[in-house]
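Chemist: Sharing a structure here in structure tokens format.
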Amino acid sequence: MLENRRFVIIGFFTLIGIIYLFRLFYLQVLDESYSIESSSNSIKRVIEVPFRGQIYDRNGKLIVYNTPVYDLLVTPNKVKVDDTLRFCRVLGIERREFDSLVNAASSYSRNKPSLFLRQLSKEDFASIQDIMVDYSGFEFAKSSMRTYKGATLANTLGYVSEISKTQLAKQEEPYYRQSDYIGQTGIEKIYENELRGKRGTKFIMQNVSGVYKGAWKNGELDTMAVAGENLYSGIDIDIQQYADSLMVNKVGSIVAIEPKTGQILSMVSAPTYDPNILATRFFSKNYTALYRNPYKPLFNRPVMASYRPGSTFKLIQALIGLQEGVITPNSGFTHANCPIGCHVHPGTPTVALGVTHSCNPYFYNVFRRIIYNNKISNTFKASAVGLDDWHDKISKFGIGQQLGIDLPSERKGNLPDKKYYDKIYGENRWKFSNIYSLSIGEGEILITPLKMANVAAIIANKGYYYTPHVIHGIGEKKTLKPEFAIRHETGVAAHNFDPVIEGMLGAVEGGTARRSRVEGISIAGKTGTSQNKRGMDHSIFIAFAPVEDPKIAIAVFVENAGSGGQAAAPIANLIIEKYLTRKITNKALEKRMMEADFMKNVILPAPPKPIVKDTTKRRQGIPMVPIEKPMPKVINWLKRF
Amino acid sequence: MEEGKPITKNVDWMVVLIYIACLGIGWVNIYAAVYNPETHSSIFDLSNNAGKQLMWIGTTFILIICILVIDYKFYETFSFIIYAIVIFLLVVVLFAGSNINGSRSWIKFGAISLQPAQFANLAVSLAISKYLSDPAISLSRKLKDYYPILGIIILPSILILLSNETGSMLVFASFAIILYREGMPGFIPAIGIISAALLIISLLYDSWYIAGAIIVIAGIVIWLMPVMTRRRGGLVATILIAFVMISIVFGVDFFMNNVLQKHQRGRIMVLLDPDSDPRGIGWNVIQSKIAIGSGGFTGKGFLQGTQTKFDFVPEQSTDFIFCTVGEEHGFIGTAVVVTLFILLISRLVILAERQRSRFARVYGYCVAGIFFFHFLVNIGMTIGLMPVIGIPLPFFSYGGSSLWSFSVLLFIFLKIDAQRPFTLSRG
């Protein structure tokens with residue numbers, strides 16, 4: 001009988017075996033929760049941040065690049081510092097900072113390295129690297145910081161900063177993650193996709209303490225980080241910085257364009273700031289200071305500020321008049337029967353002389369003829385039809401439109417049409433006598449400095465333009481965006497430009513801008529004086545040179561600086577001379593313009609706050625808490641705040 | 001004729017093949033468990049556990065040859081002497097033992113450390129077999145015949161407990177199997193299993209539900225009972241049993257909540273529910289389940305495991321070696337190992353049943369029971385079905401003492417079995 005118990009025993013063994021097999025089948029095959037993706041704690045995804053693309057100027061000089069900086073990491077378990085006081089002195093921190101940093105790191109992990117100090121400059125790194133060998137538990141990790149060449153082009157280039165919560169939520173494809181950097185404005189924003197490159201993903205194995213143990217599957221699933229594409233800009237950094245120096249203590253804009261290509265040579269938005277202050281860890285403090293500054297340094301004036309073009313607009317009126325045939329190059333007008341006053345100047349029997357002397361009644365009459373250039377006898381209806389006709393022709397110069405430059409927030413300005421005045425006065429309740437200020441670029445018309453520079457380029461090209469652009473080459477192949485290769489025609493015949501250009505030459509040689517003429521360079525220019533409600537007139541000048549083979553077209557706007565010949569024309573002509581010859585003959589004029597202070601004329605609402613500059617590079621040690629004090633080398637026109 | 005025959009002819013080759021398969025798979029998995037992808041150390045490198053295990057396997061083969069050469073009567077004759085020697089070593093180790101991992105259970109012979117506790121199984125098996133080889137002893141009739149057996153087991157148990165090797169002591173529970181085979185009434189192991197199950201259930205579920213379930217089951221039993229049985233006291237007996245069971249359930253509940261301190265309660269609960277303490281004792285079980293579970297059906301491939309390397313699973317090459325099999329070879333690997341063990345143990349039972357002497361049969365059952373207990377607890381704990389008790393998986397786990405003791409245990413039986421055709425029945 002007892003022998004039969006062996007069946008019970010073998011049965012029991014087999015039963016346990018079967019239970020175990022079922023359990024294993026459940027754990028290994030049926031239960032997904034243990035699969036490698038969901039619960040593996042040994043394999044970690046590591047993101048490799050690619051290098052952001054660099055930006056070059058037209059002569060191959062780097063203007064935006066990445067500076068290697070060093071983050072100091074600490075592994076609390078390995079820390080051995082015999083002389084803490086000396087250690088703190090070397091790093092330029094205080095004892096209690098040391099303790100709190102080590103404690104903060106410990107609370108994250110005692111075995112994994114965590115951030116101790118961030119963004120140490122190369123110089124700091126070099127000075128403490130040797131000493132750090134004596135202290136265990138500390139290591140350096142390479143990182144990079146966006147760096148801009150000098151205090152220039154701030155609004156054009158823009159800045160990068162940590163992505164905001166709203167940006168994170170709004171992104172169309174889920175690419176960015178928290179604490180990623182993203183281009184926030186300017187070129188950095190527009191070319192974000194090209195600049196950012198491709199993130200790499202590495203799967204690494206780590207042991208239970210989080211210590212690196214090699215690549216998973218020998219890196220089969222890893223993707224390499226691809227550096228962002230470099231951008232090639234048409235900016236001439238030397239001219240840019242020269243233009244900056246001329247705009248010190250002034251509010252306004254300069255836009256210089258290469259007429260044949262539409263490349264931007266220089267773009268000043270004054271006052272400006274050092275874009276590097278937004279690349280540091282003091283970003284939010286500095287940004288707030290800039291944001292609160294009453295001169296609005298963050299406002300990108302060349303594309304966002306709208307002004308009345310003043311007399312510079314007469315050029316376009318003359319061109320349209322000639323093209324329409326309402327005047328000939330030899331048409332002459334006197335001051336008689338004109339509601340607009342004028343200054344005393346020689347007679348204006350030709351278009352050229354009308355431009356040279358910027359005669360108001362002359363262009364009042366031109367505009368009158370353009371508007372009434374139809375067969376309608378009712379002056380109200382004739383004005384309406386005439387204005388829309390005129391509107392269409394002016395539009396071809398890019399006025400009242402977005403040109404489509406590769407910068408964010410470009411403004412249209414305002415080019416009034418029939419609808420616009422119907423809204424103000426009612427349909428058929430207005431006529432030429434209500435709108436004649438348009439003839440001399442006053443009244444309701446508003447235009448940005450960029451568009452005015454483009455007008456100068458159109459005249460230089462005698463009739464066409466390429467959309468102005470900052471970046472003409474993307475990546476190794478220097479690809480040009482297709483929209484920048486399209487030639488836009490204005491519909492004005494080339495021969496109609498000749499009398500206008502002749503008048504512009506006269507304006508610089510002996511007319512409104514004669515005080516800033518440059519020996520040996522044929523500059524065609526036109527001054528403008530823009531009336532505004534707040535204080536003095538804005539000084540405007542547009543020009544191109546040399547007339548025989550235009551290389552540069554420029555528009556200069558200086559706010560509250562008086563007439564065009566006083567500030568804008570000399571500045572423009574200095575830049576033209578510098579660009580074409582690389583030297584300045586009239587040193588006295590240069591000095592006067594650099595020192596001229598038109599900022600005091602600008603009426604401000606409230607006093608501004610000081611700006612904090614990251615002083616890391618200049619200090620022996622590194623401040624952990626940003627110390628609020630004015631930056632040591634404040635850009636001089638900000639010093640007066 | 002008897003002496004001239006080569007021993008190899010009568011050895012049970014099935015057991016030997018399973019044994020060699022286990023050793024091979026175990027050795028390769030020890031290598032995988034300690035393999036470091038940074039250094040690419042060789043499987044023959046003596047500085048790692050795989051290389052050392054190879055050395056242990058080599059010495060084990062020498063031991064096996066010795067066992068097969070020694071006359072089979074030696075083991076029966078010297079059973080009590082061997083028992084006495086092991087007891088002596090266990091005493092020595094208490095006073096002169098080297099302290100490794102918090103337990104004073106190791107004796108050092110130069111570079112080699114041995115754990116006498118590992119050989120206690122062998123000694124107790126031989127002693128029990130020798131004692132039961134007396135045909136006058138009957139476990140089904142005389143209670144006093146149990147006392148010497150209890151003595152044989154309890155003496156080394158106390159010594160092992162004193163040297164902090166609780167796991168090795170629990171293995172003695174496996175002798176219940178041979179006692180059952182040799183005549184212990186069936187209700188004793190049944191009561192044991194039922195009370196263990198009841199204990200676990202009452203810790204996991206609310207006492208009132210269990211009580212209700214017991215009453216329902218008792219009602220069904222009474223209803224199904226033949227009328228005669230019911231009249232002859234079956235009714236009273238069933239009600240009595242149900243009452244005792246319910247008392248146990250509430251007793252356990254009371255004990256847990258009112259007698260034990262909070263931290264003691266936590267320690268017991270974590271055995272049943274590792275998730276209640278994922279960073280502490282539960283850590284091993286959770287990590288072990290992740291490792292095995294992440295292997296899937298076919299596994300990650302040889303040396304491709306990630307959980308079992310990098311110290312996520314503790315004691316990977318020793319007590320948790322089964323995780324490496326599960327992670328790298330998947331369900332296929334684990335099924336092969338489980339099947340190998342069930343085949344080995346069942347084969348040992350069949351071999352034991354064909355013995356002519358009672359000594360040989362009892363010893364065979366002891367060996368099968370010991371292997372089964374290790375299999376049950378070791379694999380059970382890695383898949384979360386058993387509490388974590390630190391005992392090795394025979395032939396798989398790294399370690400010289402355990403490999404030697406399991407091999408000696410097994411091959412003594414194979415030697416005795418090989419001599420079976422030439423022995424006379426005494427039992």
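Chain identifiers are assigned as A, B, and so on, following the order in which chains appear in the structure tokens; residues are numbered from 1 within each chain, and ligands are numbered from 1 in order of appearance.
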Can you tell me, as a PyMOL selection string, what residues are no more than 9 Å from Ala335 (chain B) when counting only C-alpha atoms, ignoring any on the same chain fewer than 6 positions away?
Modeler: chain A and resi 20-21+24-25
Chemist: Write to file, as a PDB file, in the first residue's frame, the residues of the selection just made, with all heavy atoms.
Modeler:
ATOM      1  N   TYR A  20       4.449  26.371 -11.603  1.00  0.00           N
ATOM      2  CA  TYR A  20       5.566  27.278 -11.903  1.00  0.00           C
ATOM      3  C   TYR A  20       5.602  27.624 -13.390  1.00  0.00           C
ATOM      4  O   TYR A  20       5.877  28.763 -13.779  1.00  0.00           O
ATOM      5  CB  TYR A  20       6.898  26.662 -11.452  1.00  0.00           C
ATOM      6  CG  TYR A  20       7.160  26.855  -9.974  1.00  0.00           C
ATOM      7  CD1 TYR A  20       6.124  27.241  -9.119  1.00  0.00           C
ATOM      8  CD2 TYR A  20       8.421  26.662  -9.419  1.00  0.00           C
ATOM      9  CE1 TYR A  20       6.341  27.427  -7.768  1.00  0.00           C
ATOM     10  CE2 TYR A  20       8.654  26.844  -8.061  1.00  0.00           C
ATOM     11  CZ  TYR A  20       7.607  27.216  -7.241  1.00  0.00           C
ATOM     12  OH  TYR A  20       7.825  27.406  -5.902  1.00  0.00           O
ATOM     13  N   LEU A  21       5.347  26.636 -14.245  1.00  0.00           N
ATOM     14  CA  LEU A  21       5.360  26.902 -15.687  1.00  0.00           C
ATOM     15  C   LEU A  21       4.266  27.911 -16.052  1.00  0.00           C
ATOM     16  O   LEU A  21       4.496  28.828 -16.839  1.00  0.00           O
ATOM     17  CB  LEU A  21       5.180  25.607 -16.480  1.00  0.00           C
ATOM     18  CG  LEU A  21       6.427  24.708 -16.546  1.00  0.00           C
ATOM     19  CD1 LEU A  21       6.114  23.424 -17.305  1.00  0.00           C
ATOM     20  CD2 LEU A  21       7.596  25.437 -17.201  1.00  0.00           C
ATOM     21  N   LEU A  24       5.360  31.312 -14.867  1.00  0.00           N
ATOM     22  CA  LEU A  24       6.400  31.865 -15.741  1.00  0.00           C
ATOM     23  C   LEU A  24       5.803  32.328 -17.062  1.00  0.00           C
ATOM     24  O   LEU A  24       6.162  33.378 -17.591  1.00  0.00           O
ATOM     25  CB  LEU A  24       7.491  30.813 -15.998  1.00  0.00           C
ATOM     26  CG  LEU A  24       8.459  30.600 -14.831  1.00  0.00           C
ATOM     27  CD1 LEU A  24       9.251  29.322 -15.012  1.00  0.00           C
ATOM     28  CD2 LEU A  24       9.399  31.799 -14.691  1.00  0.00           C
ATOM     29  N   PHE A  25       4.892  31.540 -17.595  1.00  0.00           N
ATOM     30  CA  PHE A  25       4.253  31.918 -18.867  1.00  0.00           C
ATOM     31  C   PHE A  25       3.501  33.234 -18.699  1.00  0.00           C
ATOM     32  O   PHE A  25       3.564  34.118 -19.542  1.00  0.00           O
ATOM     33  CB  PHE A  25       3.297  30.804 -19.319  1.00  0.00           C
ATOM     34  CG  PHE A  25       2.795  31.004 -20.720  1.00  0.00           C
ATOM     35  CD1 PHE A  25       3.618  30.738 -21.815  1.00  0.00           C
ATOM     36  CD2 PHE A  25       1.519  31.465 -20.965  1.00  0.00           C
ATOM     37  CE1 PHE A  25       3.179  30.938 -23.106  1.00  0.00           C
ATOM     38  CE2 PHE A  25       1.057  31.677 -22.253  1.00  0.00           C
ATOM     39  CZ  PHE A  25       1.895  31.399 -23.325  1.00  0.00           C
TER      40      PHE A  25
END
Chemist: Could you go through region 330-386 of chain A and tell me which residues DSSP, when run on the backbone, assigns to helix (DSSP H, G or I), listing them as a list in words?
Modeler: Val351, Ala352, Leu353, Gly354, Val355, Thr356, His357, Asn360, Pro361, Tyr362, Phe363, Tyr364, Asn365, Val366, Phe367, Arg368, Arg369, Ile370, Ile371, Thr379, Phe380, Lys381, Ala382, Ser383, Ala384, Val385 and Gly386 of chain A
Chemist: I'd like the neighbourhood of region 406-418 of chain A as an MDAnalysis selection string, where a residue qualifies if any of its atoms comes within 7 Å (using only C-alpha atoms), though same-chain residues fewer than 2 positions away should be ignored.
Modeler: chainID A and resid 185:187 190 303:304 306 384 387:388 391 399:402 404 420:422 444:448 469:470
Chemist: Write out as a ChimeraX atom specification which residues come within 9 Å of Lys393 (chain A) when counting only C-alpha atoms, dropping same-chain ones fewer than 6 positions away.
Modeler: /A:320,490-492
Chemist: Can you list every residue in region 88-299 of chain B that DSSP puts in strand (DSSP E), as a ChimeraX atom specification?
Modeler: /B:98-100,103-109,112-114
Chemist: Which residue out of B:Val408, B:Arg420, B:Val249, B:Leu161 has the minimum interatomic distance to Ile64 (chain B) when only C-alpha atoms are used?
Modeler: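 Of B:Val408, B:Arg420, B:Val249, B:Leu161, the one nearest Ile64 (chain B) is B:Val408, counting only C-alpha atoms.
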Chemist: Would you list the contacts of Ala141 (chain A) as a list in words, taking every protein, DNA or RNA residue within 10 Å and counting only C-alpha atoms, but skipping same-chain residues closer than 6 positions in sequence?
Modeler: Val69, Tyr70, Asp71, Leu72, Leu73, Leu115, Arg118 and Gln119 of chain A
Chemist: Which of these, B:Pro394, B:Pro116, B:Gly326, B:Gly251, has the shortest distance to Ile20 (chain B) once you count only C-alpha atoms?
Modeler: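 Selected residue with least distance to Ile20 (chain B): B:Pro394.
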Chemist: So the first atom is CA of Ala136 (chain B) and the second is CA of Ser174 (chain B); what is the distance between them in Å, to one decimal place?
Modeler: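 Separation of CA of Ala136 (chain B) and CA of Ser174 (chain B): 23.7 Å.
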Chemist: Pick out the residues sitting within 12 Å of Leu94 (chain B), and hand them over as a ChimeraX atom specification; count only C-alpha atoms, and ignore anything fewer than 6 positions along from it in its own chain.
Modeler: /B:87-88,103-107,115-117,156,158-165
Chemist: Find the residues near Gln167 (chain A): any atom within 12 Å, counting only C-alpha atoms, skip ones fewer than 2 places away on the same chain, and give them as a list in words.
Modeler: Ser161, Glu162, Ile163, Ser164, Lys165, Ala169, Lys170, Gln171, Glu172, Glu173, Pro174, Tyr175, Tyr176, Arg177, Gln178, Ser179, Asp180, Tyr181, Ile182, Gly183 and Gln184 of chain A
Chemist: Please, could you write that set of residues out with N, CA, C and O atoms as a PDB file, in the first residue's frame?
Modeler:
ATOM      1  N   SER A 161      16.248  81.123 -25.842  1.00  0.00           N
ATOM      2  CA  SER A 161      16.060  80.927 -24.410  1.00  0.00           C
ATOM      3  C   SER A 161      15.235  79.676 -24.198  1.00  0.00           C
ATOM      4  O   SER A 161      14.735  79.081 -25.150  1.00  0.00           O
ATOM      5  N   GLU A 162      15.115  79.285 -22.956  1.00  0.00           N
ATOM      6  CA  GLU A 162      14.351  78.081 -22.633  1.00  0.00           C
ATOM      7  C   GLU A 162      12.927  78.223 -23.131  1.00  0.00           C
ATOM      8  O   GLU A 162      12.311  79.280 -22.998  1.00  0.00           O
ATOM      9  N   ILE A 163      12.418  77.168 -23.686  1.00  0.00           N
ATOM     10  CA  ILE A 163      11.066  77.189 -24.239  1.00  0.00           C
ATOM     11  C   ILE A 163      10.058  77.436 -23.117  1.00  0.00           C
ATOM     12  O   ILE A 163      10.194  76.910 -22.016  1.00  0.00           O
ATOM     13  N   SER A 164       9.062  78.267 -23.421  1.00  0.00           N
ATOM     14  CA  SER A 164       8.078  78.580 -22.380  1.00  0.00           C
ATOM     15  C   SER A 164       6.983  77.518 -22.356  1.00  0.00           C
ATOM     16  O   SER A 164       6.870  76.706 -23.271  1.00  0.00           O
ATOM     17  N   LYS A 165       6.200  77.536 -21.312  1.00  0.00           N
ATOM     18  CA  LYS A 165       5.138  76.533 -21.166  1.00  0.00           C
ATOM     19  C   LYS A 165       4.121  76.630 -22.297  1.00  0.00           C
ATOM     20  O   LYS A 165       3.672  75.612 -22.827  1.00  0.00           O
ATOM     21  N   ALA A 169       3.190  73.859 -25.147  1.00  0.00           N
ATOM     22  CA  ALA A 169       1.843  73.345 -25.365  1.00  0.00           C
ATOM     23  C   ALA A 169       1.397  73.558 -26.801  1.00  0.00           C
ATOM     24  O   ALA A 169       0.630  72.767 -27.348  1.00  0.00           O
ATOM     25  N   LYS A 170       1.908  74.620 -27.428  1.00  0.00           N
ATOM     26  CA  LYS A 170       1.400  74.999 -28.739  1.00  0.00           C
ATOM     27  C   LYS A 170       2.088  74.285 -29.910  1.00  0.00           C
ATOM     28  O   LYS A 170       1.582  74.319 -31.016  1.00  0.00           O
ATOM     29  N   GLN A 171       3.272  73.716 -29.672  1.00  0.00           N
ATOM     30  CA  GLN A 171       4.045  73.192 -30.804  1.00  0.00           C
ATOM     31  C   GLN A 171       3.238  72.143 -31.585  1.00  0.00           C
ATOM     32  O   GLN A 171       2.541  71.311 -31.015  1.00  0.00           O
ATOM     33  N   GLU A 172       3.375  72.225 -32.905  1.00  0.00           N
ATOM     34  CA  GLU A 172       2.554  71.355 -33.752  1.00  0.00           C
ATOM     35  C   GLU A 172       3.044  69.911 -33.706  1.00  0.00           C
ATOM     36  O   GLU A 172       2.277  68.989 -33.467  1.00  0.00           O
ATOM     37  N   GLU A 173       4.340  69.715 -34.001  1.00  0.00           N
ATOM     38  CA  GLU A 173       4.881  68.375 -33.813  1.00  0.00           C
ATOM     39  C   GLU A 173       5.543  68.372 -32.442  1.00  0.00           C
ATOM     40  O   GLU A 173       6.190  69.337 -32.074  1.00  0.00           O
ATOM     41  N   PRO A 174       5.387  67.305 -31.709  1.00  0.00           N
ATOM     42  CA  PRO A 174       5.985  67.306 -30.374  1.00  0.00           C
ATOM     43  C   PRO A 174       7.502  67.108 -30.445  1.00  0.00           C
ATOM     44  O   PRO A 174       8.013  66.013 -30.276  1.00  0.00           O
ATOM     45  N   TYR A 175       8.225  68.186 -30.708  1.00  0.00           N
ATOM     46  CA  TYR A 175       9.681  68.075 -30.809  1.00  0.00           C
ATOM     47  C   TYR A 175      10.364  68.526 -29.524  1.00  0.00           C
ATOM     48  O   TYR A 175      11.238  67.861 -29.011  1.00  0.00           O
ATOM     49  N   TYR A 176       9.912  69.664 -29.017  1.00  0.00           N
ATOM     50  CA  TYR A 176      10.615  70.246 -27.883  1.00  0.00           C
ATOM     51  C   TYR A 176      10.165  69.632 -26.573  1.00  0.00           C
ATOM     52  O   TYR A 176       9.025  69.194 -26.434  1.00  0.00           O
ATOM     53  N   ARG A 177      11.104  69.595 -25.646  1.00  0.00           N
ATOM     54  CA  ARG A 177      10.779  69.142 -24.310  1.00  0.00           C
ATOM     55  C   ARG A 177      11.138  70.258 -23.348  1.00  0.00           C
ATOM     56  O   ARG A 177      11.831  71.190 -23.706  1.00  0.00           O
ATOM     57  N   GLN A 178      10.667  70.109 -22.154  1.00  0.00           N
ATOM     58  CA  GLN A 178      10.937  71.142 -21.175  1.00  0.00           C
ATOM     59  C   GLN A 178      12.445  71.356 -21.051  1.00  0.00           C
ATOM     60  O   GLN A 178      13.211  70.412 -21.182  1.00  0.00           O
ATOM     61  N   SER A 179      12.824  72.630 -20.830  1.00  0.00           N
ATOM     62  CA  SER A 179      14.206  73.062 -20.662  1.00  0.00           C
ATOM     63  C   SER A 179      14.990  73.023 -21.972  1.00  0.00           C
ATOM     64  O   SER A 179      16.181  73.259 -21.987  1.00  0.00           O
ATOM     65  N   ASP A 180      14.327  72.755 -23.086  1.00  0.00           N
ATOM     66  CA  ASP A 180      14.980  72.905 -24.378  1.00  0.00           C
ATOM     67  C   ASP A 180      15.112  74.385 -24.697  1.00  0.00           C
ATOM     68  O   ASP A 180      14.328  75.201 -24.238  1.00  0.00           O
ATOM     69  N   TYR A 181      16.121  74.693 -25.518  1.00  0.00           N
ATOM     70  CA  TYR A 181      16.283  76.068 -25.952  1.00  0.00           C
ATOM     71  C   TYR A 181      15.635  76.243 -27.312  1.00  0.00           C
ATOM     72  O   TYR A 181      15.646  75.332 -28.139  1.00  0.00           O
ATOM     73  N   ILE A 182      15.086  77.435 -27.540  1.00  0.00           N
ATOM     74  CA  ILE A 182      14.423  77.696 -28.811  1.00  0.00           C
ATOM     75  C   ILE A 182      14.672  79.153 -29.182  1.00  0.00           C
ATOM     76  O   ILE A 182      14.783  80.015 -28.305  1.00  0.00           O
ATOM     77  N   GLY A 183      14.808  79.427 -30.487  1.00  0.00           N
ATOM     78  CA  GLY A 183      14.997  80.795 -30.958  1.00  0.00           C
ATOM     79  C   GLY A 183      13.721  81.586 -30.699  1.00  0.00           C
ATOM     80  O   GLY A 183      12.633  81.170 -31.085  1.00  0.00           O
ATOM     81  N   GLN A 184      13.850  82.725 -30.020  1.00  0.00           N
ATOM     82  CA  GLN A 184      12.654  83.439 -29.596  1.00  0.00           C
ATOM     83  C   GLN A 184      12.268  84.573 -30.530  1.00  0.00           C
ATOM     84  O   GLN A 184      11.116  84.945 -30.611  1.00  0.00           O
TER      85      GLN A 184
END
Chemist: To one decimal in Å, tell me the separation between CA of Ala568 (chain A) and CA of Thr527 (chain A).
Modeler: 7.8 Å
